[in-house]
Amino acid sequence: MKKRGVGIAAGLYPTGLMGGGDPSQAIVKIKPDGSVDLIIGSTDIGQGCKTVFAQMAAEELGVSVAQVNVLNADTDAGPLCLGTFASRVTVISGNAVVAAAREARGILFESAAKSLEASPKDLVAAEGKIFVVGAPAKSVAIGEIAGKSPLIVGRGTYMPSPAAPDPNTGAWNAFHTLAWGAVLAEVEVDTETGEVDLLRLVCSYDAGKAINPMLVEGQIEGGAIMGQGQAMTEDWQPYYPSLDWQPTTLRDYLIPTTADIPNIETVIYECPSASGPYGAKGIGEITANVPTPAIASAICNAIGVWINEIPITPEKILRALEGKTQTS
Amino acid sequence: MEYKNVGQRDKRYDGLAHVTGKTRYVDDVVIPGMLAVKALRSPVTKGKVKKIDTAAAQKTAGLAAVITPQDVPANGFGPMGPEQPVLAQDIRFKGEPLAAVAAADEDTAMEAISRIKVDIEEEKGVMDPLEAMKPEAPKVRAEGNLFMFGDKPYREIISGNLEAGFKEADEIVEADYVESSYEHTALETQCSVAVPEANGKLTIYTVSQCPWFHIGPLCGVLKMPMSKVRFIGGTVGGGFGGKNDIHADHITALLALKTGKPVKWRWTREEELLFSTHRGAWHIHFKDGVKKNGRIVARQVRSIRDSGAYTSLNPYGVEIHCLVVNGPYHIPNVHIQGYLVYTNKPLSMSMRGFAINEANYATEVQMNRLASAINMDPWDIRFINAYRNGDKMPVGKVLDSVALIEVMQALAQKAGIALPAQCQTMTSAKREVQP
C-alpha cells in the first residue's frame with residue numbers, strides 16, 4: 001500500500017565562529033583604466049563568494065560587476081581569511097570587502113575633489129565616474145584619477161569581537177547573528193517495499209539580505225538535496241558501530257542524483273542582521289540542516305511509527321512496520 | 001535602501017568556466033618532471049609499528065623517495081595542537097598513513113608501496129563510542145577515551161531549574177536518536193601538488209577550504225616559516241567541510257622537499273570514502289516536559305559524538321551543539337551535556353552544519369513527537385515556543401533579528417497551507433503563550 005505523509009521542521013544557525021574572533025581581510029586596488037582588482041583570502045568552494053564580493057565592490061565603487069577582477073586564496077599575494085566554514089564568508093569577508101572598497105573610494109574622492117573643485121563629501125561614484133551630487137555634468141572618470149595618482153589601494157579588515165563567557169554568570173554573547181529556516185516535506189511510502197518517494201520540499205530561509213538571490217536559491221536547493229541523502233540513503237557505516245561493508249564507490253554510497261530529487265520550492269525571507277554587509281546573514285549550512293528532520297518526520301507521519309535513526313532506509317521502514325504489526 | 005548591484009541575480013563569476021570544463025582545479029596542474037605520490041596505509045585498526053623495512057621498495061625502478069616517520073621534522077598537526085601524526089607509529093585507525101612514496105607514475109608508486117615491509121604488533125581497538133565510554137574499554141589514546149572539557153568529560157549548559165520545570169509539565173516525553181555518519185562526497189577528491197622552488201621556497205597547490213587555517217600547522221610540521229611556504233588555492237571542487245583538515249599537503253610537501261621535484265598526490269574515490277574525514281555519528285537522548293497549552297517548560301539533552309581517533313575541531317562542534325540543541329525555541333529550564341568520545345576510526349570532523357545539523361535533526365523530530373503527545377498541530381507547538389526578539393538563549397545570548405515565525409508563515413504561504421488561526425497573527429515581536 002502507498003501511504004502519504006507530511007513533516008515540518010524549523011532551525012537556526014549562527015553566522016561565523018562561536019565566540020567571534022574570526023578575521024577576514026580584503027584589498028581593493030584600482031587599475032589605470034578604472035577597473036578594479038579585489039584580492040581576498042577566502043576560498044570559493046562553490047558557494048559563489050567571488051560573485052557576491054564582485055557585486056559588493058561594484059556597489060561601493062560605482063563600477064559594473066564586469067569591471068571587478070577577483071583574485072583569491074594565494075597566501076603570498078593575498079590577505080588573510082580564517083577559512084570558508086561556519087557560514088561566515090559572505091558576512092565576515094564581505095564586511096572586509098565593503099571596508100576595502102570604501103577606503104579606495106575615499107582616496108578616489110580626495111583626488112577627484114581637487115579636479116572637480118568640490119568637497120569629497122559632495123561626491124558620488126557611479127557608472128565608472130565620480131560625480132558632484134546635484135551637478136551630473138561635473139564628473140571625472142575613475143580611470144583618469146587612478147592612472148595619474150599614486151597607487152590607490154583600499155584595505156579592509158573585519159573580525160567579530162571575541163566574546164568570553166561572564167566569569168560570574170557564565171552568560172556568553174556567543175553569536176553575533178543567527179539565521180532562521182523552516183521546511184515542509186511530503187512523501188509517499190510503499191509499505192510493501194519500504195521505498196520512499198520524496199514528492200515535495202518547500203524550503204523557507206532568512207538570508208538577512210540576499211546579496212545574490214540566485215546563489216541563495218542554489219544554496220537552498222543544494223542543501224535540500226544533501227538533506228534528502230542524509231534522511232534517506234547515505235550511510236558511511238551501514239553496520240554501525242562496526243566498519244564492516246563500508247561503501248567504497250558511489251554505487252554503494254548513495255547520494256541523490258538529479259533523477260531522485262523532488263520538486264524543490266524556495267522562499268527567501270529577509271530580516272536584516274546588524275552585523276552583516278547590507279544586513280546579510282550566512283545561509284550556507286542551515287539549508288542542509290532543516291530538510292533532514294522534515295523528511296524523517298514525513299516518513300514517520302506516513303507510516304504511523306516513529307523511527308529514531310537516520311538514514312531511514314527501506315529496511316528500517318519495513319522493520320518498523322513489522323514491529324507495529326506485532327504489538328498492535 | 002536601493003542598490004544597483006547588491007540583490008541582483010548576477011551570473012556566477014566563474015560559472016561558465018565551471019560548466020564548460022575550463023576551470024583549472026588542483027588535479028589540472030601539471031608541471032614538467034612531476035612525480036606521483038601514494039601512501040602505505042595501516043591494514044589494522046590499532047597497533048604499534050615495530051619496524052618498517054623500505055629496502056625492497058627503494059630498489060623499485062622509477063622510485064624517487066620513500067618517507068617514514070623519521071623523515072618528518074615535527075610529526076604532528078592539528079588546529080588545537082600537533083596531536084595527529086603525519087605518518088603514524090602508534091596506529092589508531094585502519095587506513096592511517098604509515099609511509100609514503102614518490103615515483104615516476106602512480107603504478108610505480110603503488111608497486112613501491114607493495115614492497116614496503118611493516119611489522120605491526122596488533123592490539124584490540126574499540127569501535128562503539130558507547131563501549132569506549134566504559135572504564136574497562138581499550139584505550140584509543142593513552143590519556144583516555146573521553147575528551148576533557150576543562151575538568152569535566154562533557155560540556156554542560158544549565159539554565160533555569162530543570163526539576164521544577166518537569167514538575168510543572170503535563171507530559172514527559174523521552175526519546176533516543178541515533179545518527180549514522182556521512183561522507184562529504186565532493187566531486188573533487190583530496191589532491192595536492194607541491195613544487196620546490198629554486199630559492200628554497202615551497203609552493204603548494206591546495207584544495208583546502210581554509211589555506212590560512214592550514215598554513216600554521218603545516219609550517220609546524222615542516223619547521224619552516226610562513227614566508228617559505230606559499231599556498232595557491234581558492235578554487236575547490238566541493239568542500240562541505242571535508243577540506244577543513246590537512247589530508248595531503250603535508251605529505252606532498254615532505255616528498256617535494258626530499259626529492260627536489262614537483263609531486264602530486266590525488267586520492268582515489270575509495271580512499272576519499274574510507275579515510276578522509278566524515279560527519280561523525282551521534283547518540284542524542286531527549287527528555288522534555290511540555291504543558292497541554294503547548295509550552296515546553298523543561299528540556300534535558302545528553303549528546304555523545306564519535307570523534308574517531310583524533311580531535312581536530314570536534315570539541316568546538318560538541319560545544320556549539322550544546323549551545324543550540326534546545327532548538328530555536330525559548331525553553332525556561334534546560335540542562336544539556338555533550339560528550340566527545342574517541343574510537344579507533346578515521347577522524348570525524350566538520351560537515352555542512354557541523355554538529356548543529358545533528359542537533360537540528362533530533363530537536364525537530366522530537367518537536368513533532370511532543371506535538372503528537374499533547375495532540376497539538378506541529379505548526380502550533382513551533383509558533384508557541386519559537387524564539388522572539390529579546391529572548392535569552394540558555395547560554396545567555398540575548399537575541400535580535402529573530403524571524404522564525406515570519407519564516408514559517410512564509411513557508412506555509414508558499415506551500416499553500418492554511419495555518420492554525422493563532423499562528424497567522426503571531427510575530428517575533430511578542431510572546432502570546434507564557435510558560
# chains A, B, ... in the order shown; residues from 1 in each chain; ligands from 1
call {"tool": "closest_atom_pairs", "arguments": {"of": "chain A", "to": "chain B", "cutoff": "6 Å", "atoms": "only C-alpha atoms", "output": "Markdown table"}}
result
| residue | atom | partner | partner_atom | distance |
| --- | --- | --- | --- | --- |
| A:Ala9 | CA | B:Glu364 | CA | 5.5 |
| A:Gly11 | CA | B:Pro328 | CA | 5.8 |
| A:Leu12 | CA | B:Pro328 | CA | 5.7 |
| A:Thr43 | CA | B:Gly234 | CA | 3.9 |
| A:Asp44 | CA | B:Thr235 | CA | 5.5 |
| A:Ile45 | CA | B:Val236 | CA | 4.9 |
| A:Thr51 | CA | B:Tyr13 | CA | 4.8 |
| A:Gln55 | CA | B:Asn5 | CA | 5.3 |
| A:Glu59 | CA | B:Asn5 | CA | 5.4 |
| A:Asn72 | CA | B:Gly234 | CA | 5.5 |
| A:Ala73 | CA | B:Gly234 | CA | 4.6 |
| A:Asp74 | CA | B:Ile232 | CA | 4.6 |
| A:Thr75 | CA | B:Phe231 | CA | 5.3 |
| A:Asp76 | CA | B:Arg230 | CA | 5.8 |
| A:Leu82 | CA | B:Trp212 | CA | 5.7 |
| A:Gly83 | CA | B:Cys210 | CA | 3.9 |
| A:Thr84 | CA | B:Gln209 | CA | 5.4 |
| A:Ala171 | CA | B:Gly396 | CA | 4.3 |
| A:Trp172 | CA | B:Gly396 | CA | 5.4 |
| A:Asn173 | CA | B:Lys397 | CA | 4.6 |
| A:Trp180 | CA | B:Leu404 | CA | 5.4 |
| A:Ala182 | CA | B:Met408 | CA | 5.8 |
| A:Ser204 | CA | B:Leu411 | CA | 5.3 |
| A:Ala210 | CA | B:Gly7 | CA | 5.8 |
| A:Ile211 | CA | B:Gly7 | CA | 4.5 |
| A:Asn212 | CA | B:Gly7 | CA | 5.0 |
| A:Pro213 | CA | B:Arg9 | CA | 5.7 |
| A:Met214 | CA | B:Arg9 | CA | 5.2 |
| A:Asp235 | CA | B:Tyr182 | CA | 5.7 |
| A:Trp236 | CA | B:Tyr182 | CA | 5.0 |
| A:Pro241 | CA | B:Asp128 | CA | 5.1 |
| A:Thr248 | CA | B:Glu270 | CA | 4.7 |
| A:Ser273 | CA | B:Ser401 | CA | 5.9 |
| A:Glu285 | CA | B:Gly353 | CA | 4.8 |
| A:Asn289 | CA | B:Asn357 | CA | 4.8 |
| A:Pro293 | CA | B:Tyr361 | CA | 4.7 |
| A:Ser297 | CA | B:Val365 | CA | 6.0 |
| A:Asn308 | CA | B:Tyr177 | CA | 4.9 |
| A:Glu309 | CA | B:Val178 | CA | 4.8 |
| A:Ile310 | CA | B:Glu179 | CA | 5.2 |
call {"tool": "write_last_selection", "arguments": {"atoms": "C-alpha atoms", "output": "PDB file, in the first residue's frame"}}
result
ATOM      1  CA  ALA A   9      10.898  21.255  10.776  1.00  0.00           C
ATOM      2  CA  GLY A  11      16.020  25.588  12.657  1.00  0.00           C
ATOM      3  CA  LEU A  12      18.503  28.299  13.445  1.00  0.00           C
ATOM      4  CA  THR A  43      38.240  30.090  -0.865  1.00  0.00           C
ATOM      5  CA  ASP A  44      35.277  29.694  -3.197  1.00  0.00           C
ATOM      6  CA  ILE A  45      34.062  26.149  -2.538  1.00  0.00           C
ATOM      7  CA  THR A  51      30.374  36.600  -7.358  1.00  0.00           C
ATOM      8  CA  GLN A  55      28.764  42.696  -6.555  1.00  0.00           C
ATOM      9  CA  GLU A  59      28.187  48.636  -5.473  1.00  0.00           C
ATOM     10  CA  ASN A  72      41.534  34.740  -4.078  1.00  0.00           C
ATOM     11  CA  ALA A  73      43.413  32.464  -1.697  1.00  0.00           C
ATOM     12  CA  ASP A  74      47.079  32.945  -2.546  1.00  0.00           C
ATOM     13  CA  THR A  75      48.898  33.200   0.778  1.00  0.00           C
ATOM     14  CA  ASP A  76      51.808  35.191  -0.712  1.00  0.00           C
ATOM     15  CA  LEU A  82      40.347  32.302   8.552  1.00  0.00           C
ATOM     16  CA  GLY A  83      38.502  29.949   6.213  1.00  0.00           C
ATOM     17  CA  THR A  84      35.408  29.000   4.303  1.00  0.00           C
ATOM     18  CA  ALA A 171      26.412  34.179  30.211  1.00  0.00           C
ATOM     19  CA  TRP A 172      28.065  34.277  26.811  1.00  0.00           C
ATOM     20  CA  ASN A 173      27.328  36.526  23.850  1.00  0.00           C
ATOM     21  CA  TRP A 180      16.294  31.090  10.642  1.00  0.00           C
ATOM     22  CA  ALA A 182      11.716  26.113   8.085  1.00  0.00           C
ATOM     23  CA  SER A 204      11.978  28.924   3.605  1.00  0.00           C
ATOM     24  CA  ALA A 210      20.211  38.108  -0.219  1.00  0.00           C
ATOM     25  CA  ILE A 211      23.242  39.668  -1.942  1.00  0.00           C
ATOM     26  CA  ASN A 212      22.510  37.400  -4.928  1.00  0.00           C
ATOM     27  CA  PRO A 213      19.101  35.655  -4.680  1.00  0.00           C
ATOM     28  CA  MET A 214      20.036  33.151  -7.397  1.00  0.00           C
ATOM     29  CA  ASP A 235      25.337   5.822   5.255  1.00  0.00           C
ATOM     30  CA  TRP A 236      29.067   5.760   5.902  1.00  0.00           C
ATOM     31  CA  PRO A 241      29.299   0.885  15.006  1.00  0.00           C
ATOM     32  CA  THR A 248      33.956   2.172  -1.396  1.00  0.00           C
ATOM     33  CA  SER A 273      21.260  41.417  10.656  1.00  0.00           C
ATOM     34  CA  GLU A 285      24.873  25.477   6.253  1.00  0.00           C
ATOM     35  CA  ASN A 289      20.114  21.040   8.251  1.00  0.00           C
ATOM     36  CA  PRO A 293      14.124  16.227  10.115  1.00  0.00           C
ATOM     37  CA  SER A 297       9.116  13.262  10.187  1.00  0.00           C
ATOM     38  CA  ASN A 308      14.634   7.431  15.597  1.00  0.00           C
ATOM     39  CA  GLU A 309      17.575   6.613  13.374  1.00  0.00           C
ATOM     40  CA  ILE A 310      18.746   8.222  10.164  1.00  0.00           C
TER      41      ILE A 310
END
call {"tool": "residues_around", "arguments": {"residues": "Asn161 of chain B", "least_positions_apart": "2", "cutoff": "8 Å", "atoms": "only C-alpha atoms", "output": "MDAnalysis selection string"}}
result
chainID B and resid 159 163:165 332:334
call {"tool": "select_by_dssp", "arguments": {"residues": "segment 189-286 of chain A", "states": "alpha helix (DSSP H)", "output": "number ranges by chain"}}
result
A: 213-228, 286
call {"tool": "closest_residue", "arguments": {"among": "A:Pro291, A:Pro277, A:Gly218, A:Pro311", "to": "Tyr240 of chain A", "atoms": "only C-alpha atoms"}}
result
A:Pro311
call {"tool": "closest_residue", "arguments": {"among": "B:Val37, B:Met148, B:Leu419, B:Leu218", "to": "Val318 of chain B", "atoms": "only C-alpha atoms"}}
result
B:Met148
call {"tool": "residues_around", "arguments": {"residues": "segment 299-301 of chain A", "least_positions_apart": "4", "cutoff": "8 Å", "atoms": "only C-alpha atoms", "output": "PyMOL selection string"}}
result
chain A and resi 4-7+187-189+196+295+305-307
call {"tool": "write_last_selection", "arguments": {"atoms": "N, CA and C atoms", "output": "PDB file, in the first residue's frame"}}
result
ATOM      1  N   ARG A   4       0.817   8.369   2.241  1.00  0.00           N
ATOM      2  CA  ARG A   4       1.417   9.702   2.165  1.00  0.00           C
ATOM      3  C   ARG A   4       1.611  10.307   3.552  1.00  0.00           C
ATOM      4  N   GLY A   5       2.635  11.126   3.684  1.00  0.00           N
ATOM      5  CA  GLY A   5       2.887  11.800   4.952  1.00  0.00           C
ATOM      6  C   GLY A   5       3.475  13.179   4.729  1.00  0.00           C
ATOM      7  N   VAL A   6       3.282  14.034   5.729  1.00  0.00           N
ATOM      8  CA  VAL A   6       3.816  15.400   5.691  1.00  0.00           C
ATOM      9  C   VAL A   6       4.624  15.624   6.956  1.00  0.00           C
ATOM     10  N   GLY A   7       5.749  16.324   6.837  1.00  0.00           N
ATOM     11  CA  GLY A   7       6.547  16.677   8.010  1.00  0.00           C
ATOM     12  C   GLY A   7       7.046  18.101   7.907  1.00  0.00           C
ATOM     13  N   VAL A 187       5.950  13.049   1.466  1.00  0.00           N
ATOM     14  CA  VAL A 187       6.481  11.776   0.948  1.00  0.00           C
ATOM     15  C   VAL A 187       5.343  10.804   0.676  1.00  0.00           C
ATOM     16  N   GLU A 188       5.682   9.809  -0.144  1.00  0.00           N
ATOM     17  CA  GLU A 188       4.796   8.657  -0.313  1.00  0.00           C
ATOM     18  C   GLU A 188       5.629   7.411  -0.033  1.00  0.00           C
ATOM     19  N   VAL A 189       5.159   6.584   0.907  1.00  0.00           N
ATOM     20  CA  VAL A 189       5.905   5.390   1.311  1.00  0.00           C
ATOM     21  C   VAL A 189       5.168   4.157   0.812  1.00  0.00           C
ATOM     22  N   VAL A 196      10.669   5.012  -0.408  1.00  0.00           N
ATOM     23  CA  VAL A 196      10.090   6.331  -0.168  1.00  0.00           C
ATOM     24  C   VAL A 196      10.230   7.175  -1.425  1.00  0.00           C
ATOM     25  N   ILE A 295      11.955  15.605   6.367  1.00  0.00           N
ATOM     26  CA  ILE A 295      11.748  14.381   5.582  1.00  0.00           C
ATOM     27  C   ILE A 295      11.547  13.187   6.521  1.00  0.00           C
ATOM     28  N   VAL A 305       4.584   5.256  12.564  1.00  0.00           N
ATOM     29  CA  VAL A 305       5.535   4.728  13.552  1.00  0.00           C
ATOM     30  C   VAL A 305       6.706   5.701  13.630  1.00  0.00           C
ATOM     31  N   TRP A 306       7.206   5.937  14.835  1.00  0.00           N
ATOM     32  CA  TRP A 306       8.396   6.778  14.978  1.00  0.00           C
ATOM     33  C   TRP A 306       9.637   5.940  14.704  1.00  0.00           C
ATOM     34  N   ILE A 307      10.495   6.441  13.829  1.00  0.00           N
ATOM     35  CA  ILE A 307      11.809   5.829  13.615  1.00  0.00           C
ATOM     36  C   ILE A 307      12.832   6.868  14.065  1.00  0.00           C
TER      37      ILE A 307
END
call {"tool": "closest_residue", "arguments": {"among": "B:Ile331, B:Val19, B:Ala109, B:Val341", "to": "Ala61 of chain B", "atoms": "only C-alpha atoms"}}
result
B:Ala109
call {"tool": "atom_distance", "arguments": {"atom1": "atom CA of Pro162 of chain A", "atom2": "atom CA of Ile40 of chain A"}}
result
21.9 Å
call {"tool": "atom_distance", "arguments": {"atom1": "atom CA of Gly33 of chain B", "atom2": "atom CA of Ile251 of chain B"}}
result
18.0 Å
call {"tool": "select_by_dssp", "arguments": {"residues": "segment 244-285 of chain A", "states": "strand (DSSP E or B)", "output": "PyMOL selection string"}}
result
chain A and resi 263-269
